[in-house]
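So this one's model_2.csv, CSV, C-alpha atoms:
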chain,number,residue,atom,x,y,z
A,1,MET,CA,-14.0,-24.0,-2.0
A,2,SER,CA,-12.8,-20.9,-3.7
A,3,LYS,CA,-11.4,-21.2,-7.2
A,4,PHE,CA,-10.6,-18.8,-10.1
A,5,VAL,CA,-10.6,-16.0,-7.5
A,6,ASP,CA,-8.8,-13.6,-9.7
A,7,ARG,CA,-11.7,-13.9,-12.2
A,8,TYR,CA,-14.7,-14.1,-9.9
A,9,TRP,CA,-13.9,-11.9,-6.9
A,10,VAL,CA,-14.0,-8.2,-6.9
A,11,TYR,CA,-13.7,-5.4,-4.3
A,12,ASP,CA,-14.3,-1.8,-3.8
A,13,ILE,CA,-13.3,0.7,-1.2
A,14,GLN,CA,-15.9,2.9,0.4
A,15,GLY,CA,-14.5,5.2,3.1
A,16,ARG,CA,-12.7,3.0,5.6
A,17,LYS,CA,-14.3,-0.2,4.5
A,18,LEU,CA,-13.4,-2.7,1.9
A,19,HIS,CA,-16.5,-4.2,0.1
A,20,LEU,CA,-16.0,-7.7,-1.2
A,21,TRP,CA,-18.1,-9.5,-3.8
A,22,LYS,CA,-18.1,-12.5,-5.9
A,23,ILE,CA,-19.3,-12.4,-9.5
A,24,ARG,CA,-21.9,-15.1,-10.0
A,25,ARG,CA,-22.2,-16.3,-13.5
A,26,PHE,CA,-24.8,-18.4,-15.3
A,27,ASP,CA,-22.9,-21.6,-14.9
A,28,ASP,CA,-22.8,-21.1,-11.1
A,29,ASN,CA,-26.6,-21.3,-10.9
A,30,VAL,CA,-28.9,-24.1,-10.1
A,31,PRO,CA,-32.6,-24.0,-10.9
A,32,SER,CA,-34.6,-22.1,-8.3
A,33,THR,CA,-37.3,-24.0,-6.2
A,34,ASP,CA,-39.7,-23.1,-9.1
A,35,GLY,CA,-37.3,-24.6,-11.6
A,36,GLU,CA,-36.3,-21.2,-12.9
A,37,LEU,CA,-33.0,-20.8,-14.7
A,38,PHE,CA,-31.6,-17.4,-15.3
A,39,SER,CA,-31.2,-16.4,-18.9
A,40,ASP,CA,-27.8,-15.2,-20.3
A,41,ALA,CA,-29.0,-11.6,-20.0
A,42,ARG,CA,-28.9,-11.9,-16.3
A,43,SER,CA,-25.9,-14.2,-16.1
A,44,ASN,CA,-23.5,-11.9,-14.3
A,45,TYR,CA,-24.3,-10.3,-11.0
A,46,LEU,CA,-22.6,-9.7,-7.7
A,47,VAL,CA,-23.2,-11.6,-4.5
A,48,TYR,CA,-21.7,-11.3,-1.1
A,49,PRO,CA,-18.9,-13.8,-0.3
A,50,PRO,CA,-20.8,-17.1,-0.5
A,51,GLU,CA,-18.3,-19.0,1.7
A,52,ALA,CA,-16.2,-18.5,4.8
A,53,ILE,CA,-12.4,-18.6,4.1
A,54,THR,CA,-10.0,-18.5,7.0
A,55,ASN,CA,-7.4,-15.8,6.3
A,56,GLY,CA,-9.0,-15.5,2.9
A,57,LEU,CA,-8.5,-11.8,2.4
A,58,ARG,CA,-5.0,-10.4,2.0
A,59,ILE,CA,-4.3,-6.7,1.7
A,60,GLU,CA,-0.9,-5.5,0.8
A,61,HIS,CA,-0.2,-1.9,1.8
A,62,THR,CA,2.4,0.6,2.9
A,63,SER,CA,2.2,1.8,6.5
A,64,ILE,CA,4.4,3.5,9.0
A,65,THR,CA,6.0,0.6,10.7
A,66,LYS,CA,8.9,1.2,13.1
A,67,PRO,CA,9.6,4.7,12.0
A,68,PHE,CA,12.3,5.0,14.7
A,69,THR,CA,14.5,2.1,16.0
A,70,THR,CA,16.9,1.6,18.8
A,71,ASN,CA,19.5,-0.1,16.4
A,72,ASN,CA,21.0,1.1,13.1
A,73,PRO,CA,18.7,0.0,10.2
A,74,ASN,CA,21.6,0.2,7.8
A,75,THR,CA,23.6,-2.5,9.6
A,76,VAL,CA,20.9,-4.7,11.1
A,77,ALA,CA,18.4,-6.9,9.2
A,78,ASP,CA,14.9,-5.5,9.0
A,79,SER,CA,13.4,-8.4,11.0
A,80,SER,CA,15.8,-7.7,13.9
A,81,LEU,CA,15.0,-4.1,14.3
A,82,SER,CA,13.3,-3.1,17.5
A,83,GLU,CA,11.0,-0.1,17.4
A,84,ASP,CA,11.7,3.0,19.5
A,85,ALA,CA,8.2,4.0,20.6
A,86,SER,CA,9.3,7.2,22.3
A,87,PRO,CA,11.9,8.6,19.9
A,88,THR,CA,14.7,10.8,21.2
A,89,GLU,CA,17.8,12.3,19.7
A,90,SER,CA,19.6,9.0,20.0
A,91,SER,CA,16.9,7.1,18.0
A,92,TYR,CA,17.7,5.9,14.5
A,93,ILE,CA,15.5,6.8,11.6
A,94,ASN,CA,14.3,3.6,9.9
A,95,LEU,CA,15.1,4.5,6.3
A,96,SER,CA,17.9,3.9,3.8
A,97,ARG,CA,20.7,6.4,3.8
A,98,LEU,CA,19.4,8.2,0.6
A,99,LEU,CA,15.8,8.4,2.0
A,100,THR,CA,17.2,9.8,5.3
A,101,LEU,CA,19.0,12.5,3.3
A,102,ALA,CA,15.6,13.2,1.6
A,103,VAL,CA,14.1,13.6,5.0
A,104,VAL,CA,16.8,16.1,5.9
A,105,ASP,CA,15.7,18.2,3.0
A,106,TYR,CA,12.1,17.8,4.1
A,107,VAL,CA,12.9,19.1,7.6
A,108,ARG,CA,14.9,22.0,6.0
A,109,ALA,CA,11.8,22.8,3.9
A,110,MET,CA,9.6,22.9,6.9
A,111,LEU,CA,12.1,25.1,8.8
A,112,SER,CA,12.1,27.5,5.8
A,113,GLU,CA,8.4,27.6,5.7
A,114,LYS,CA,8.4,28.3,9.4
A,115,SER,CA,10.6,31.3,8.8
A,116,ALA,CA,8.3,32.4,5.9
A,117,ASP,CA,10.9,31.7,3.2
A,118,VAL,CA,8.7,30.1,0.6
A,119,GLN,CA,11.3,30.0,-2.2
A,120,LYS,CA,13.8,28.1,0.0
A,121,LYS,CA,11.0,25.8,1.1
A,122,GLU,CA,10.2,25.0,-2.5
A,123,TYR,CA,13.8,24.4,-3.3
A,124,TYR,CA,14.2,21.9,-0.5
A,125,MET,CA,10.9,20.2,-1.3
A,126,ARG,CA,12.2,19.7,-4.9
A,127,GLU,CA,15.4,18.2,-3.4
A,128,PHE,CA,13.3,15.9,-1.2
A,129,TYR,CA,11.3,14.5,-4.1
A,130,LYS,CA,14.5,14.3,-6.3
A,131,LYS,CA,16.2,12.1,-3.7
A,132,ALA,CA,13.1,10.0,-3.1
A,133,GLY,CA,12.8,9.5,-6.8
A,134,ASP,CA,16.5,8.6,-7.1
A,135,ASN,CA,16.0,6.0,-4.3
A,136,GLU,CA,13.1,4.5,-6.2
A,137,SER,CA,14.9,4.4,-9.6
A,138,ASN,CA,17.9,2.7,-7.9
A,139,LYS,CA,15.7,-0.4,-7.6
A,140,ARG,CA,15.0,-0.4,-11.4
A,141,LYS,CA,18.4,-0.4,-12.9
A,142,ILE,CA,18.1,-2.5,-16.1
A,143,LEU,CA,20.9,-3.5,-18.4
A,144,MET,CA,19.7,-3.2,-21.9
A,145,THR,CA,21.5,-4.7,-24.9
A,146,GLY,CA,20.6,-4.7,-28.5
A,147,THR,CA,21.9,-7.0,-31.2
A,148,MET,CA,23.7,-5.4,-34.1
A,149,SER,CA,22.6,-6.1,-37.7
A,150,PRO,CA,25.3,-8.2,-39.6
A,151,TYR,CA,25.6,-5.6,-42.3
A,152,ALA,CA,25.7,-2.6,-40.0
A,153,VAL,CA,28.4,0.0,-40.5
A,154,ARG,CA,30.8,-0.4,-37.5
B,1,MET,CA,21.2,8.2,10.7
B,2,LYS,CA,20.3,9.2,14.2
B,3,VAL,CA,17.8,12.0,14.9
B,4,LEU,CA,20.6,13.9,16.6
B,5,GLU,CA,22.7,13.9,13.3
B,6,LEU,CA,19.7,15.1,11.4
B,7,MET,CA,19.1,17.9,13.9
B,8,GLU,CA,22.8,19.0,13.5
B,9,ARG,CA,22.5,19.0,9.7
B,10,VAL,CA,19.4,21.3,9.8
B,11,GLU,CA,20.7,23.3,12.8
B,12,SER,CA,17.6,22.8,15.0
B,13,THR,CA,17.3,22.1,18.7
B,14,ASP,CA,13.6,21.4,18.9
B,15,THR,CA,13.5,17.5,19.1
B,16,GLU,CA,9.8,17.1,19.3
B,17,LEU,CA,9.1,19.3,16.2
B,18,VAL,CA,11.8,17.6,14.2
B,19,VAL,CA,10.5,14.1,15.1
B,20,ALA,CA,7.0,15.2,14.1
B,21,TRP,CA,8.4,16.4,10.7
B,22,ILE,CA,10.3,13.2,10.2
B,23,LYS,CA,7.1,11.2,10.7
B,24,ASP,CA,5.3,13.5,8.2
B,25,ALA,CA,8.2,12.9,5.7
B,26,ILE,CA,7.9,9.1,6.2
B,27,ASN,CA,4.2,9.3,5.6
B,28,ILE,CA,4.7,11.1,2.3
B,29,LEU,CA,7.4,8.6,1.2
B,30,GLN,CA,5.1,5.7,2.1
B,31,SER,CA,2.2,7.3,0.2
B,32,ASN,CA,4.2,7.8,-3.0
B,33,TYR,CA,6.6,4.9,-3.0
B,34,LYS,CA,6.7,1.3,-2.0
B,35,ASP,CA,9.6,1.5,0.5
B,36,SER,CA,8.2,-1.1,2.9
B,37,LEU,CA,5.2,-3.2,2.1
B,38,THR,CA,3.2,-5.0,4.7
B,39,ALA,CA,0.5,-7.6,4.2
B,40,THR,CA,-2.4,-8.2,6.6
B,41,LYS,CA,-4.8,-11.1,6.4
B,42,GLN,CA,-8.3,-11.5,7.7
B,43,ASN,CA,-11.1,-14.1,7.6
B,44,ILE,CA,-13.7,-13.9,4.9
B,45,VAL,CA,-17.1,-14.4,6.5
B,46,LYS,CA,-20.0,-15.9,4.6
B,47,ASN,CA,-22.5,-13.3,3.4
B,48,GLN,CA,-20.5,-10.4,4.9
B,49,ARG,CA,-19.7,-7.6,2.4
B,50,ASP,CA,-17.8,-5.1,4.6
B,51,TYR,CA,-14.3,-5.6,5.9
B,52,ASP,CA,-12.0,-3.3,7.8
B,53,LEU,CA,-9.0,-1.7,6.1
B,54,PRO,CA,-5.7,-2.4,8.0
B,55,ALA,CA,-5.0,0.0,10.9
B,56,GLY,CA,-2.5,2.6,10.0
B,57,PHE,CA,-2.3,1.9,6.3
B,58,VAL,CA,-1.0,4.6,4.1
B,59,ARG,CA,-1.6,3.2,0.6
B,60,ILE,CA,-3.1,0.0,-0.6
B,61,HIS,CA,-1.2,-1.8,-3.3
B,62,SER,CA,-3.1,-5.0,-3.8
B,63,VAL,CA,-6.1,-7.0,-2.6
B,64,SER,CA,-6.0,-10.8,-2.9
B,65,VAL,CA,-8.2,-13.7,-2.1
B,66,LEU,CA,-7.1,-17.2,-1.1
B,67,ASP,CA,-7.6,-19.6,-4.0
B,68,THR,CA,-8.1,-22.9,-2.0
B,69,GLU,CA,-8.5,-24.9,-5.2
B,70,ASP,CA,-5.1,-23.8,-6.6
B,71,ASP,CA,-2.6,-24.9,-3.9
B,72,SER,CA,-3.7,-22.2,-1.5
B,73,LYS,CA,-2.3,-19.2,-3.5
B,74,TYR,CA,-3.4,-15.7,-2.9
B,75,LYS,CA,-4.4,-14.1,-6.2
B,76,SER,CA,-5.0,-10.4,-6.8
B,77,ILE,CA,-8.6,-9.4,-7.5
B,78,ARG,CA,-9.9,-6.5,-9.5
B,79,ARG,CA,-11.4,-3.3,-8.1
B,80,ILE,CA,-14.9,-2.7,-9.3
B,81,ALA,CA,-15.8,0.7,-10.6
B,82,GLY,CA,-18.9,2.8,-10.1
B,83,ASN,CA,-21.5,3.3,-7.4
B,84,HIS,CA,-23.6,0.4,-6.3
B,85,PHE,CA,-27.3,0.4,-5.8
B,86,VAL,CA,-27.4,-1.2,-2.3
B,87,THR,CA,-25.7,1.1,0.2
B,88,GLU,CA,-26.5,-1.1,3.3
B,89,ASP,CA,-28.0,-4.5,3.6
B,90,THR,CA,-29.5,-5.2,7.0
B,91,SER,CA,-30.3,-8.8,6.4
B,92,PRO,CA,-27.8,-10.3,3.9

Using structure tokens, write down the structure that the file contains.
Amino acid sequence: MSKFVDRYWVYDIQGRKLHLWKIRRFDDNVPSTDGELFSDARSNYLVYPPEAITNGLRIEHTSITKPFTTNNPNTVADSSLSEDASPTESSYINLSRLLTLAVVDYVRAMLSEKSADVQKKEYYMREFYKKAGDNESNKRKILMTGTMSPYAVR
Amino acid sequence: MKVLELMERVESTDTELVVAWIKDAINILQSNYKDSLTATKQNIVKNQRDYDLPAGFVRIHSVSVLDTEDDSKYKSIRRIAGNHFVTEDTSP
């Protein structure tokens, strides 16, 4: 049974593999067959996962899922969108309106690069990142209020 | 927005190239921002260190392990730093 997983389990990523370990501490140990108990100096070390856990590993990530859809992503719930595996001119781009406008700038930047206009390309890339940043900051609107001192000049 | 509308805005007629650039742009957006997060789960196997990363992932945001003792909650685990002495274990 796994417990205190946030404290005792660690991972690392090597190439395309995720390596998973558990930290074994002194209080996890039982005496060896020779009756040996590890001293505190050797109390923390890594072991391979000591137990099998069904669906035990969860990885949260971004990926390119349904980049093109057959229905409008701005009017239909995300779960109801059906992917268009062979996108055509009539496919919808599965992004918010602002991010789609950012993509328009990206395509303009690529067209400018194709015509060897680097200045224009850089301008459109800046616009692309600006709109992408705006879209992100739209999710972080925070209303801040501060109390006024009772003797403050008003 | 439809691909056609985007093509009209940028005055291009090359559908395949525009679609490829749209995919590139989405890749950059997913790499830098958390526009759509996905979670994949896999079994932890006893004495197995190596696990596959999800197919088609762009950026990893968190790795969690199921805490079966605490009402089956997934809890984020830490990434360990540095190189490790054992590079391959043929008989774990």

May I have the protein, DNA and RNA residues with an atom at most 10 Å from (10.2, 11.3, -2.0), counting only C-alpha atoms in the file's coordinates, returned as a ChimeraX atom specification?
/A:99,102-103,106,125-136 /B:25-33

Tell me the residues of chain A close to chain B, meaning within 7 Å using all atoms listed in the file, as an mmCIF file with C-alpha atoms, in the frame of the given file.
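Result file follows (selection16.cif):
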data_model
loop_
_atom_site.group_PDB
_atom_site.id
_atom_site.type_symbol
_atom_site.label_atom_id
_atom_site.label_comp_id
_atom_site.auth_asym_id
_atom_site.auth_seq_id
_atom_site.Cartn_x
_atom_site.Cartn_y
_atom_site.Cartn_z
ATOM 1 C CA MET A 1 -14.000 -24.000 -2.000
ATOM 2 C CA SER A 2 -12.800 -20.900 -3.700
ATOM 3 C CA LYS A 3 -11.400 -21.200 -7.200
ATOM 4 C CA PHE A 4 -10.600 -18.800 -10.100
ATOM 5 C CA VAL A 5 -10.600 -16.000 -7.500
ATOM 6 C CA ASP A 6 -8.800 -13.600 -9.700
ATOM 7 C CA TRP A 9 -13.900 -11.900 -6.900
ATOM 8 C CA VAL A 10 -14.000 -8.200 -6.900
ATOM 9 C CA TYR A 11 -13.700 -5.400 -4.300
ATOM 10 C CA ASP A 12 -14.300 -1.800 -3.800
ATOM 11 C CA ARG A 16 -12.700 3.000 5.600
ATOM 12 C CA LYS A 17 -14.300 -0.200 4.500
ATOM 13 C CA LEU A 18 -13.400 -2.700 1.900
ATOM 14 C CA HIS A 19 -16.500 -4.200 0.100
ATOM 15 C CA LEU A 20 -16.000 -7.700 -1.200
ATOM 16 C CA TRP A 21 -18.100 -9.500 -3.800
ATOM 17 C CA TYR A 48 -21.700 -11.300 -1.100
ATOM 18 C CA PRO A 49 -18.900 -13.800 -0.300
ATOM 19 C CA PRO A 50 -20.800 -17.100 -0.500
ATOM 20 C CA GLU A 51 -18.300 -19.000 1.700
ATOM 21 C CA ALA A 52 -16.200 -18.500 4.800
ATOM 22 C CA ILE A 53 -12.400 -18.600 4.100
ATOM 23 C CA THR A 54 -10.000 -18.500 7.000
ATOM 24 C CA ASN A 55 -7.400 -15.800 6.300
ATOM 25 C CA GLY A 56 -9.000 -15.500 2.900
ATOM 26 C CA LEU A 57 -8.500 -11.800 2.400
ATOM 27 C CA ARG A 58 -5.000 -10.400 2.000
ATOM 28 C CA ILE A 59 -4.300 -6.700 1.700
ATOM 29 C CA GLU A 60 -0.900 -5.500 0.800
ATOM 30 C CA HIS A 61 -0.200 -1.900 1.800
ATOM 31 C CA THR A 62 2.400 0.600 2.900
ATOM 32 C CA SER A 63 2.200 1.800 6.500
ATOM 33 C CA ILE A 64 4.400 3.500 9.000
ATOM 34 C CA GLU A 89 17.800 12.300 19.700
ATOM 35 C CA SER A 90 19.600 9.000 20.000
ATOM 36 C CA SER A 91 16.900 7.100 18.000
ATOM 37 C CA TYR A 92 17.700 5.900 14.500
ATOM 38 C CA ILE A 93 15.500 6.800 11.600
ATOM 39 C CA THR A 100 17.200 9.800 5.300
ATOM 40 C CA VAL A 103 14.100 13.600 5.000
ATOM 41 C CA VAL A 104 16.800 16.100 5.900
ATOM 42 C CA TYR A 106 12.100 17.800 4.100
ATOM 43 C CA VAL A 107 12.900 19.100 7.600
ATOM 44 C CA ARG A 108 14.900 22.000 6.000
#

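If you look at atom CA of A:Ser82 and atom CA of A:Thr65, they are 10.6 Å away from each other.
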
Atom pair atom CA of A:Ser115 / atom CA of A:Phe68: separation (Å)
27.0 Å

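Going from atom CA of A:Ser96 to atom CA of A:Glu113 covers 25.6 Å.
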
Measuring between only C-alpha atoms, which one of A:Leu98, A:Ala77, A:Ala109, A:Met148 shows the shortest distance to A:Glu122?
A:Ala109
